[in-house]
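File shown: start30.cif (mmCIF, N, CA and C atoms).
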data_protein
loop_
_atom_site.label_atom_id
_atom_site.label_comp_id
_atom_site.auth_asym_id
_atom_site.auth_seq_id
_atom_site.Cartn_x
_atom_site.Cartn_y
_atom_site.Cartn_z
N MET A 11 103.63 101.43 96.15
CA MET A 11 103.52 101.82 94.76
C MET A 11 102.81 103.16 94.70
N SER A 12 103.41 104.11 94.06
CA SER A 12 102.83 105.45 93.95
C SER A 12 102.00 105.52 92.67
N THR A 13 100.77 105.95 92.81
CA THR A 13 99.85 106.03 91.68
C THR A 13 99.60 107.50 91.37
N SER A 14 99.60 107.83 90.09
CA SER A 14 99.31 109.19 89.67
C SER A 14 97.82 109.46 89.85
N PRO A 15 97.46 110.67 90.30
CA PRO A 15 96.03 111.00 90.44
C PRO A 15 95.26 110.84 89.13
N ILE A 16 95.94 110.94 88.01
CA ILE A 16 95.28 110.80 86.71
C ILE A 16 94.79 109.37 86.52
N ASP A 17 95.49 108.40 87.10
CA ASP A 17 95.16 106.98 86.93
C ASP A 17 94.04 106.52 87.86
N LEU A 18 93.58 107.39 88.74
CA LEU A 18 92.58 107.00 89.73
C LEU A 18 91.16 107.20 89.24
N ASP A 19 90.27 106.37 89.74
CA ASP A 19 88.83 106.58 89.54
C ASP A 19 88.46 107.67 90.56
N THR A 20 88.23 108.88 90.07
CA THR A 20 88.04 110.02 90.97
C THR A 20 86.81 109.86 91.88
N LYS A 21 85.77 109.24 91.38
CA LYS A 21 84.59 109.05 92.22
C LYS A 21 84.90 108.07 93.36
N ARG A 22 85.54 106.98 93.04
CA ARG A 22 85.90 105.98 94.07
C ARG A 22 86.88 106.60 95.08
N TYR A 23 87.88 107.31 94.57
CA TYR A 23 88.86 107.95 95.46
C TYR A 23 88.18 109.02 96.32
N GLY A 24 87.27 109.77 95.74
CA GLY A 24 86.52 110.78 96.49
C GLY A 24 85.72 110.18 97.63
N ARG A 25 85.10 109.02 97.37
CA ARG A 25 84.35 108.33 98.45
C ARG A 25 85.29 107.89 99.57
N LEU A 26 86.45 107.38 99.19
CA LEU A 26 87.43 106.96 100.20
C LEU A 26 87.91 108.17 101.03
N LEU A 27 88.16 109.28 100.35
CA LEU A 27 88.58 110.49 101.05
C LEU A 27 87.48 110.99 101.98
N ALA A 28 86.24 110.95 101.52
CA ALA A 28 85.12 111.42 102.34
C ALA A 28 84.97 110.55 103.59
N LYS A 29 85.23 109.27 103.45
CA LYS A 29 85.12 108.37 104.59
C LYS A 29 86.28 108.56 105.57
N ALA A 30 87.50 108.71 105.06
CA ALA A 30 88.69 108.83 105.91
C ALA A 30 88.89 110.24 106.46
N LEU A 31 88.42 111.24 105.72
CA LEU A 31 88.60 112.65 106.08
C LEU A 31 90.04 112.99 106.47
N PRO A 32 90.99 112.74 105.58
CA PRO A 32 92.39 113.05 105.90
C PRO A 32 92.60 114.56 105.96
N ALA A 33 93.42 114.96 106.93
CA ALA A 33 93.76 116.37 107.10
C ALA A 33 95.09 116.44 107.85
N VAL A 34 95.69 117.61 107.87
CA VAL A 34 96.91 117.78 108.65
C VAL A 34 96.60 117.40 110.09
N ILE A 35 97.39 116.51 110.65
CA ILE A 35 97.15 115.98 111.99
C ILE A 35 97.70 116.95 113.02
N LYS A 36 96.83 117.30 113.99
CA LYS A 36 97.23 118.27 115.01
C LYS A 36 97.10 117.74 116.44
N SER A 37 96.62 116.51 116.60
CA SER A 37 96.47 115.96 117.95
C SER A 37 96.70 114.46 117.94
N GLU A 38 96.91 113.91 119.13
CA GLU A 38 97.08 112.46 119.26
C GLU A 38 95.81 111.72 118.82
N ASP A 39 94.65 112.28 119.14
CA ASP A 39 93.40 111.63 118.73
C ASP A 39 93.29 111.54 117.21
N GLU A 40 93.63 112.63 116.53
CA GLU A 40 93.60 112.61 115.07
C GLU A 40 94.62 111.62 114.52
N ASN A 41 95.79 111.59 115.16
CA ASN A 41 96.83 110.66 114.72
C ASN A 41 96.35 109.21 114.90
N ASN A 42 95.73 108.93 116.03
CA ASN A 42 95.22 107.58 116.27
C ASN A 42 94.13 107.20 115.26
N ARG A 43 93.31 108.17 114.89
CA ARG A 43 92.27 107.92 113.89
C ARG A 43 92.89 107.58 112.54
N MET A 44 93.95 108.30 112.17
CA MET A 44 94.63 108.03 110.89
C MET A 44 95.34 106.69 110.94
N LEU A 45 95.94 106.36 112.10
CA LEU A 45 96.61 105.07 112.24
C LEU A 45 95.60 103.92 112.11
N ALA A 46 94.42 104.10 112.66
CA ALA A 46 93.38 103.07 112.55
C ALA A 46 92.97 102.89 111.08
N ALA A 47 92.86 103.99 110.36
CA ALA A 47 92.51 103.90 108.93
C ALA A 47 93.62 103.19 108.15
N ILE A 48 94.87 103.48 108.50
CA ILE A 48 96.01 102.81 107.86
C ILE A 48 95.96 101.32 108.13
N GLU A 49 95.72 100.96 109.40
CA GLU A 49 95.64 99.54 109.76
C GLU A 49 94.53 98.84 109.00
N GLY A 50 93.40 99.52 108.84
CA GLY A 50 92.29 98.93 108.09
C GLY A 50 92.67 98.64 106.65
N LEU A 51 93.38 99.57 106.04
CA LEU A 51 93.81 99.35 104.66
C LEU A 51 94.87 98.26 104.58
N MET A 52 95.80 98.27 105.51
CA MET A 52 96.88 97.28 105.49
C MET A 52 96.35 95.87 105.75
N ALA A 53 95.27 95.76 106.49
CA ALA A 53 94.69 94.45 106.79
C ALA A 53 94.20 93.75 105.52
N LYS A 54 93.92 94.53 104.49
CA LYS A 54 93.47 93.95 103.22
C LYS A 54 94.61 93.23 102.51
N GLY A 55 95.83 93.59 102.83
CA GLY A 55 96.99 93.00 102.17
C GLY A 55 97.43 93.87 101.01
N GLU A 56 98.72 94.02 100.89
CA GLU A 56 99.29 94.94 99.90
C GLU A 56 98.83 94.65 98.48
N GLY A 57 98.78 93.41 98.10
CA GLY A 57 98.38 93.05 96.74
C GLY A 57 96.90 93.16 96.49
N ASN A 58 96.12 93.39 97.54
CA ASN A 58 94.66 93.43 97.40
C ASN A 58 94.08 94.84 97.39
N LEU A 59 94.92 95.86 97.46
CA LEU A 59 94.44 97.24 97.47
C LEU A 59 94.18 97.72 96.05
N THR A 60 93.12 98.48 95.90
CA THR A 60 92.87 99.14 94.61
C THR A 60 93.85 100.30 94.49
N ALA A 61 93.97 100.85 93.31
CA ALA A 61 94.84 102.01 93.11
C ALA A 61 94.41 103.16 94.01
N GLU A 62 93.11 103.32 94.19
CA GLU A 62 92.58 104.40 95.02
C GLU A 62 92.91 104.17 96.49
N GLU A 63 92.79 102.92 96.94
CA GLU A 63 93.14 102.60 98.33
C GLU A 63 94.64 102.78 98.56
N ASP A 64 95.42 102.40 97.57
CA ASP A 64 96.87 102.57 97.67
C ASP A 64 97.23 104.05 97.78
N ALA A 65 96.58 104.88 96.98
CA ALA A 65 96.84 106.33 97.04
C ALA A 65 96.43 106.90 98.40
N LEU A 66 95.31 106.45 98.93
CA LEU A 66 94.86 106.90 100.24
C LEU A 66 95.83 106.45 101.32
N LEU A 67 96.29 105.22 101.24
CA LEU A 67 97.25 104.71 102.21
C LEU A 67 98.53 105.55 102.20
N GLU A 68 99.00 105.88 101.02
CA GLU A 68 100.20 106.71 100.90
C GLU A 68 99.97 108.09 101.53
N LEU A 69 98.82 108.69 101.27
CA LEU A 69 98.48 109.99 101.84
C LEU A 69 98.43 109.93 103.36
N LEU A 70 97.74 108.93 103.90
CA LEU A 70 97.61 108.80 105.35
C LEU A 70 98.96 108.57 106.00
N ALA A 71 99.78 107.74 105.39
CA ALA A 71 101.11 107.46 105.93
C ALA A 71 101.95 108.74 105.96
N ASP A 72 101.85 109.56 104.92
CA ASP A 72 102.58 110.83 104.89
C ASP A 72 102.09 111.77 105.99
N LEU A 73 100.79 111.83 106.20
CA LEU A 73 100.23 112.70 107.24
C LEU A 73 100.70 112.25 108.63
N VAL A 74 100.67 110.94 108.89
CA VAL A 74 101.12 110.42 110.18
C VAL A 74 102.62 110.67 110.36
N HIS A 75 103.38 110.43 109.33
CA HIS A 75 104.83 110.66 109.39
C HIS A 75 105.13 112.11 109.73
N ASP A 76 104.48 113.03 109.04
CA ASP A 76 104.71 114.46 109.28
C ASP A 76 104.35 114.83 110.72
N PHE A 77 103.23 114.34 111.22
CA PHE A 77 102.82 114.63 112.59
C PHE A 77 103.84 114.09 113.59
N GLU A 78 104.25 112.84 113.39
CA GLU A 78 105.17 112.22 114.33
C GLU A 78 106.56 112.85 114.27
N GLU A 79 106.97 113.33 113.12
CA GLU A 79 108.24 114.05 113.02
C GLU A 79 108.18 115.36 113.83
N ARG A 80 107.03 116.04 113.77
CA ARG A 80 106.87 117.29 114.53
C ARG A 80 106.70 117.01 116.02
N GLN A 81 105.91 116.01 116.34
CA GLN A 81 105.56 115.72 117.73
C GLN A 81 106.69 115.05 118.50
N TYR A 82 107.42 114.18 117.83
CA TYR A 82 108.46 113.38 118.49
C TYR A 82 109.78 113.49 117.73
N PRO A 83 110.36 114.67 117.67
CA PRO A 83 111.62 114.80 116.92
C PRO A 83 112.72 113.98 117.59
N LEU A 84 113.53 113.36 116.76
CA LEU A 84 114.66 112.60 117.30
C LEU A 84 115.75 113.58 117.72
N PRO A 85 116.22 113.44 118.94
CA PRO A 85 117.28 114.35 119.38
C PRO A 85 118.58 114.04 118.64
N CYS A 86 119.34 115.08 118.39
CA CYS A 86 120.65 114.88 117.79
C CYS A 86 121.54 114.29 118.87
N SER A 87 122.29 113.31 118.51
CA SER A 87 123.17 112.66 119.46
C SER A 87 124.59 112.87 119.02
N ALA A 88 125.47 113.06 119.98
CA ALA A 88 126.89 113.23 119.67
C ALA A 88 127.37 111.96 118.98
N PRO A 89 128.26 112.10 118.00
CA PRO A 89 128.74 110.94 117.25
C PRO A 89 129.28 109.81 118.13
N HIS A 90 130.02 110.15 119.18
CA HIS A 90 130.58 109.09 120.03
C HIS A 90 129.48 108.33 120.76
N ARG A 91 128.39 109.03 121.12
CA ARG A 91 127.26 108.35 121.75
C ARG A 91 126.54 107.44 120.76
N MET A 92 126.48 107.88 119.51
CA MET A 92 125.84 107.06 118.48
C MET A 92 126.64 105.78 118.27
N VAL A 93 127.97 105.87 118.27
CA VAL A 93 128.80 104.68 118.13
C VAL A 93 128.55 103.74 119.30
N ALA A 94 128.54 104.27 120.52
CA ALA A 94 128.30 103.44 121.70
C ALA A 94 126.92 102.79 121.64
N PHE A 95 125.93 103.56 121.23
CA PHE A 95 124.56 103.03 121.11
C PHE A 95 124.50 101.89 120.10
N LEU A 96 125.11 102.09 118.94
CA LEU A 96 125.08 101.07 117.90
C LEU A 96 125.83 99.80 118.32
N LEU A 97 126.94 99.98 119.03
CA LEU A 97 127.65 98.81 119.56
C LEU A 97 126.73 98.01 120.48
N GLU A 98 126.05 98.73 121.38
CA GLU A 98 125.14 98.08 122.32
C GLU A 98 124.00 97.38 121.59
N GLN A 99 123.40 98.06 120.63
CA GLN A 99 122.27 97.49 119.89
C GLN A 99 122.65 96.23 119.11
N HIS A 100 123.89 96.19 118.65
CA HIS A 100 124.35 95.03 117.89
C HIS A 100 125.00 93.98 118.79
N GLY A 101 125.04 94.24 120.10
CA GLY A 101 125.64 93.29 121.03
C GLY A 101 127.13 93.12 120.83
N LEU A 102 127.80 94.21 120.45
CA LEU A 102 129.23 94.15 120.15
C LEU A 102 130.05 94.86 121.22
N ALA A 103 131.25 94.39 121.40
CA ALA A 103 132.22 95.05 122.27
C ALA A 103 132.98 96.08 121.44
N PRO A 104 133.57 97.08 122.09
CA PRO A 104 134.37 98.06 121.34
C PRO A 104 135.46 97.41 120.49
N SER A 105 135.93 96.25 120.88
CA SER A 105 136.97 95.58 120.10
C SER A 105 136.52 95.25 118.68
N ALA A 106 135.22 95.19 118.45
CA ALA A 106 134.71 94.93 117.09
C ALA A 106 135.08 96.06 116.14
N LEU A 107 135.37 97.23 116.70
CA LEU A 107 135.71 98.38 115.86
C LEU A 107 137.21 98.51 115.57
N TYR A 108 138.04 97.67 116.19
CA TYR A 108 139.48 97.77 115.94
C TYR A 108 139.81 97.66 114.46
N PRO A 109 139.25 96.68 113.73
CA PRO A 109 139.56 96.60 112.30
C PRO A 109 138.97 97.76 111.49
N VAL A 110 137.89 98.35 112.00
CA VAL A 110 137.23 99.45 111.28
C VAL A 110 138.02 100.74 111.43
N LEU A 111 138.43 101.05 112.66
CA LEU A 111 139.09 102.32 112.94
C LEU A 111 140.61 102.21 113.02
N GLY A 112 141.12 101.01 113.03
CA GLY A 112 142.57 100.85 112.95
C GLY A 112 143.25 100.36 114.21
N THR A 113 142.99 100.99 115.34
CA THR A 113 143.70 100.59 116.55
C THR A 113 142.78 100.65 117.77
N LYS A 114 143.22 99.95 118.80
CA LYS A 114 142.50 99.95 120.07
C LYS A 114 142.45 101.35 120.66
N SER A 115 143.57 102.07 120.56
CA SER A 115 143.62 103.42 121.14
C SER A 115 142.67 104.37 120.43
N ARG A 116 142.52 104.26 119.11
CA ARG A 116 141.59 105.14 118.38
C ARG A 116 140.15 104.89 118.83
N VAL A 117 139.81 103.63 118.98
CA VAL A 117 138.45 103.29 119.43
C VAL A 117 138.23 103.84 120.83
N SER A 118 139.18 103.65 121.70
CA SER A 118 139.08 104.13 123.07
C SER A 118 138.96 105.65 123.11
N GLU A 119 139.79 106.33 122.34
CA GLU A 119 139.76 107.79 122.31
C GLU A 119 138.44 108.31 121.74
N LEU A 120 137.93 107.63 120.74
CA LEU A 120 136.65 108.05 120.15
C LEU A 120 135.52 107.89 121.16
N LEU A 121 135.44 106.74 121.81
CA LEU A 121 134.36 106.49 122.75
C LEU A 121 134.44 107.36 123.99
N SER A 122 135.64 107.81 124.35
CA SER A 122 135.80 108.68 125.52
C SER A 122 135.80 110.16 125.16
N ARG A 123 135.53 110.47 123.92
CA ARG A 123 135.45 111.85 123.40
C ARG A 123 136.80 112.56 123.39
N LYS A 124 137.87 111.83 123.44
CA LYS A 124 139.20 112.45 123.36
C LYS A 124 139.59 112.71 121.91
N ARG A 125 138.87 112.07 121.00
CA ARG A 125 139.15 112.22 119.57
C ARG A 125 137.82 112.26 118.83
N GLY A 126 137.73 113.14 117.84
CA GLY A 126 136.55 113.21 117.00
C GLY A 126 136.58 112.14 115.92
N ILE A 127 135.55 112.13 115.11
CA ILE A 127 135.46 111.16 114.02
C ILE A 127 135.75 111.88 112.71
N SER A 128 136.73 111.40 111.98
CA SER A 128 137.04 111.99 110.68
C SER A 128 135.99 111.55 109.66
N LYS A 129 135.97 112.22 108.52
CA LYS A 129 135.01 111.86 107.47
C LYS A 129 135.25 110.43 106.99
N GLN A 130 136.52 110.06 106.87
CA GLN A 130 136.85 108.70 106.42
C GLN A 130 136.37 107.67 107.44
N GLN A 131 136.59 107.96 108.73
CA GLN A 131 136.12 107.04 109.77
C GLN A 131 134.59 106.97 109.79
N ALA A 132 133.93 108.12 109.57
CA ALA A 132 132.47 108.14 109.55
C ALA A 132 131.95 107.24 108.43
N LYS A 133 132.59 107.27 107.28
CA LYS A 133 132.19 106.41 106.16
C LYS A 133 132.38 104.94 106.51
N LYS A 134 133.49 104.63 107.16
CA LYS A 134 133.76 103.24 107.55
C LYS A 134 132.75 102.77 108.59
N LEU A 135 132.44 103.62 109.57
CA LEU A 135 131.46 103.26 110.59
C LEU A 135 130.08 103.07 109.98
N ALA A 136 129.72 103.95 109.06
CA ALA A 136 128.41 103.84 108.40
C ALA A 136 128.30 102.52 107.65
N ALA A 137 129.37 102.14 106.95
CA ALA A 137 129.36 100.88 106.21
C ALA A 137 129.30 99.69 107.19
N PHE A 138 130.05 99.78 108.27
CA PHE A 138 130.08 98.69 109.25
C PHE A 138 128.72 98.47 109.90
N PHE A 139 128.06 99.56 110.28
CA PHE A 139 126.77 99.46 110.97
C PHE A 139 125.57 99.47 110.02
N HIS A 140 125.82 99.70 108.73
CA HIS A 140 124.75 99.77 107.71
C HIS A 140 123.76 100.89 108.04
N VAL A 141 124.31 102.08 108.31
CA VAL A 141 123.50 103.27 108.60
C VAL A 141 124.03 104.43 107.78
N GLY A 142 123.34 105.56 107.83
CA GLY A 142 123.78 106.74 107.11
C GLY A 142 125.01 107.38 107.75
N VAL A 143 125.89 107.88 106.94
CA VAL A 143 127.12 108.52 107.42
C VAL A 143 126.82 109.76 108.28
N GLU A 144 125.66 110.37 108.05
CA GLU A 144 125.30 111.60 108.79
C GLU A 144 125.21 111.38 110.30
N LEU A 145 125.04 110.15 110.73
CA LEU A 145 124.97 109.86 112.17
C LEU A 145 126.29 110.12 112.87
N PHE A 146 127.38 110.15 112.12
CA PHE A 146 128.69 110.28 112.73
C PHE A 146 129.37 111.61 112.43
N ILE A 147 128.67 112.50 111.77
CA ILE A 147 129.27 113.80 111.41
C ILE A 147 128.63 114.90 112.22
#
As structure tokens:
Amino acid sequence: MSTSPIDLDTKRYGRLLAKALPAVIKSEDENNRMLAAIEGLMAKGEGNLTAEEDALLELLADLVHDFEERQYPLPCSAPHRMVAFLLEQHGLAPSALYPVLGTKSRVSELLSRKRGISKQQAKKLAAFFHVGVELFI
């Protein structure tokens, strides 16, 4: 739940900020410190947080997310590799894609990089795997 700064008790929020000392994270140690603060807040239970604690939790989560996005960027993967990965993760054989892509040969050609993925196929794959279409484009 996102709380507007106007709705917060500024003194209470200020004390929480002074204790947590949130800042742009530049090291693993700082990241671990922010993660520990997040865990402390989460241990209280979602329904038990004050508006000020909720706002602090949101801030800390954003700082950790930004650091981890910079520190550990996800590599772009070729669409055919993403299809193979998703099949493996779901415990499926390539034959599971026959109804999605139309034919055995299309699936085989896609997985062997002999054929690219059309926009229509990308949409079908995204719906089948319940992921974003951008993974296949």
Practice prompt. Within 8 Å of stretch 47-54 of chain A, counting all atoms listed in the file, which residues show up once you throw out same-chain ones fewer than 2 positions away? Write them as JSON, numbers by chain, please.
Written response: {"A": [30, 41, 42, 43, 44, 45, 56, 57, 58, 59, 63, 64, 66, 67, 70, 71]}
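If only N, CA and C atoms are the atoms counted, then among A:Pro104, A:Leu73, A:Thr60, A:Leu18 the closest residue to A:Ala33 is A:Leu73.
Between A:Arg91 and the residues A:Val110, A:Leu121, A:Ala137, A:Val34, the shortest atom-to-atom distance, using all atoms listed in the file, involves A:Leu121.
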Practice prompt. DSSP on the backbone, then: every residue of chain A marked helix (DSSP H, G or I), written as an MDAnalysis selection string.
Written response: chainID A and resid 15:17 20:30 38:53 56:58 61:81 89:99 104:111 114:121 129:139 143:146
Worksheet item: Between atom C of A:Glu79 and atom CA of A:Val143, what is the distance, to one decimal in Å?
Response: 21.1 Å
Discussion item. Please compute the atom CA of A:Leu107-atom CA of A:Lys129 distance, one decimal, in Å.
Written reply: 15.9 Å
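For the pair atom C of A:His140 and atom C of A:Phe95, the separation is 12.1 Å.
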Practice prompt. List, as a ChimeraX atom specification, every residue that the PyMOL selection byres (((chain A and resi 89 and name CA) around 10) and name CA) selects in the file provided.
Written response: /A:86-88,90-95,120-121,123,126-127,132,144-147
Just N, CA and C atoms for this one: save the residues we selected as a short mmCIF file (atom, residue, chain, number, x, y, z; two decimals), in the coordinates of the input.
data_model
loop_
_atom_site.label_atom_id
_atom_site.label_comp_id
_atom_site.auth_asym_id
_atom_site.auth_seq_id
_atom_site.Cartn_x
_atom_site.Cartn_y
_atom_site.Cartn_z
N CYS A 86 119.34 115.08 118.39
CA CYS A 86 120.65 114.88 117.79
C CYS A 86 121.54 114.29 118.87
N SER A 87 122.29 113.31 118.51
CA SER A 87 123.17 112.66 119.46
C SER A 87 124.59 112.87 119.02
N ALA A 88 125.47 113.06 119.98
CA ALA A 88 126.89 113.23 119.67
C ALA A 88 127.37 111.96 118.98
N HIS A 90 130.02 110.15 119.18
CA HIS A 90 130.58 109.09 120.03
C HIS A 90 129.48 108.33 120.76
N ARG A 91 128.39 109.03 121.12
CA ARG A 91 127.26 108.35 121.75
C ARG A 91 126.54 107.44 120.76
N MET A 92 126.48 107.88 119.51
CA MET A 92 125.84 107.06 118.48
C MET A 92 126.64 105.78 118.27
N VAL A 93 127.97 105.87 118.27
CA VAL A 93 128.80 104.68 118.13
C VAL A 93 128.55 103.74 119.30
N ALA A 94 128.54 104.27 120.52
CA ALA A 94 128.30 103.44 121.70
C ALA A 94 126.92 102.79 121.64
N PHE A 95 125.93 103.56 121.23
CA PHE A 95 124.56 103.03 121.11
C PHE A 95 124.50 101.89 120.10
N LEU A 120 137.93 107.63 120.74
CA LEU A 120 136.65 108.05 120.15
C LEU A 120 135.52 107.89 121.16
N LEU A 121 135.44 106.74 121.81
CA LEU A 121 134.36 106.49 122.75
C LEU A 121 134.44 107.36 123.99
N ARG A 123 135.53 110.47 123.92
CA ARG A 123 135.45 111.85 123.40
C ARG A 123 136.80 112.56 123.39
N GLY A 126 137.73 113.14 117.84
CA GLY A 126 136.55 113.21 117.00
C GLY A 126 136.58 112.14 115.92
N ILE A 127 135.55 112.13 115.11
CA ILE A 127 135.46 111.16 114.02
C ILE A 127 135.75 111.88 112.71
N ALA A 132 133.93 108.12 109.57
CA ALA A 132 132.47 108.14 109.55
C ALA A 132 131.95 107.24 108.43
N GLU A 144 125.66 110.37 108.05
CA GLU A 144 125.30 111.60 108.79
C GLU A 144 125.21 111.38 110.30
N LEU A 145 125.04 110.15 110.73
CA LEU A 145 124.97 109.86 112.17
C LEU A 145 126.29 110.12 112.87
N PHE A 146 127.38 110.15 112.12
CA PHE A 146 128.69 110.28 112.73
C PHE A 146 129.37 111.61 112.43
N ILE A 147 128.67 112.50 111.77
CA ILE A 147 129.27 113.80 111.41
C ILE A 147 128.63 114.90 112.22
#
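Proximity to A:Phe77 was assessed for A:His100, A:Lys36, A:Lys114, A:Arg25 counting all atoms listed in the file; the smallest distance is recorded for A:Lys36.
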Complete the atom set of stretch 55-67 of chain A to N, CA, C and O atoms and return it as a short mmCIF file (atom, residue, chain, number, x, y, z; two decimals), in the coordinates of the input.
data_model
loop_
_atom_site.label_atom_id
_atom_site.label_comp_id
_atom_site.auth_asym_id
_atom_site.auth_seq_id
_atom_site.Cartn_x
_atom_site.Cartn_y
_atom_site.Cartn_z
N GLY A 55 95.83 93.59 102.83
CA GLY A 55 96.99 93.00 102.17
C GLY A 55 97.43 93.87 101.01
O GLY A 55 96.60 94.40 100.27
N GLU A 56 98.72 94.02 100.89
CA GLU A 56 99.29 94.94 99.90
C GLU A 56 98.83 94.65 98.48
O GLU A 56 98.48 95.55 97.73
N GLY A 57 98.78 93.41 98.10
CA GLY A 57 98.38 93.05 96.74
C GLY A 57 96.90 93.16 96.49
O GLY A 57 96.45 93.03 95.35
N ASN A 58 96.12 93.39 97.54
CA ASN A 58 94.66 93.43 97.40
C ASN A 58 94.08 94.84 97.39
O ASN A 58 92.86 94.98 97.35
N LEU A 59 94.92 95.86 97.46
CA LEU A 59 94.44 97.24 97.47
C LEU A 59 94.18 97.72 96.05
O LEU A 59 94.95 97.44 95.13
N THR A 60 93.12 98.48 95.90
CA THR A 60 92.87 99.14 94.61
C THR A 60 93.85 100.30 94.49
O THR A 60 94.49 100.71 95.48
N ALA A 61 93.97 100.85 93.31
CA ALA A 61 94.84 102.01 93.11
C ALA A 61 94.41 103.16 94.01
O ALA A 61 95.24 103.89 94.57
N GLU A 62 93.11 103.32 94.19
CA GLU A 62 92.58 104.40 95.02
C GLU A 62 92.91 104.17 96.49
O GLU A 62 93.27 105.10 97.21
N GLU A 63 92.79 102.92 96.94
CA GLU A 63 93.14 102.60 98.33
C GLU A 63 94.64 102.78 98.56
O GLU A 63 95.06 103.27 99.61
N ASP A 64 95.42 102.40 97.57
CA ASP A 64 96.87 102.57 97.67
C ASP A 64 97.23 104.05 97.78
O ASP A 64 98.09 104.43 98.58
N ALA A 65 96.58 104.88 96.98
CA ALA A 65 96.84 106.33 97.04
C ALA A 65 96.43 106.90 98.40
O ALA A 65 97.14 107.74 98.96
N LEU A 66 95.31 106.45 98.93
CA LEU A 66 94.86 106.90 100.24
C LEU A 66 95.83 106.45 101.32
O LEU A 66 96.19 107.23 102.21
N LEU A 67 96.29 105.22 101.24
CA LEU A 67 97.25 104.71 102.21
C LEU A 67 98.53 105.55 102.20
O LEU A 67 99.06 105.91 103.26
#
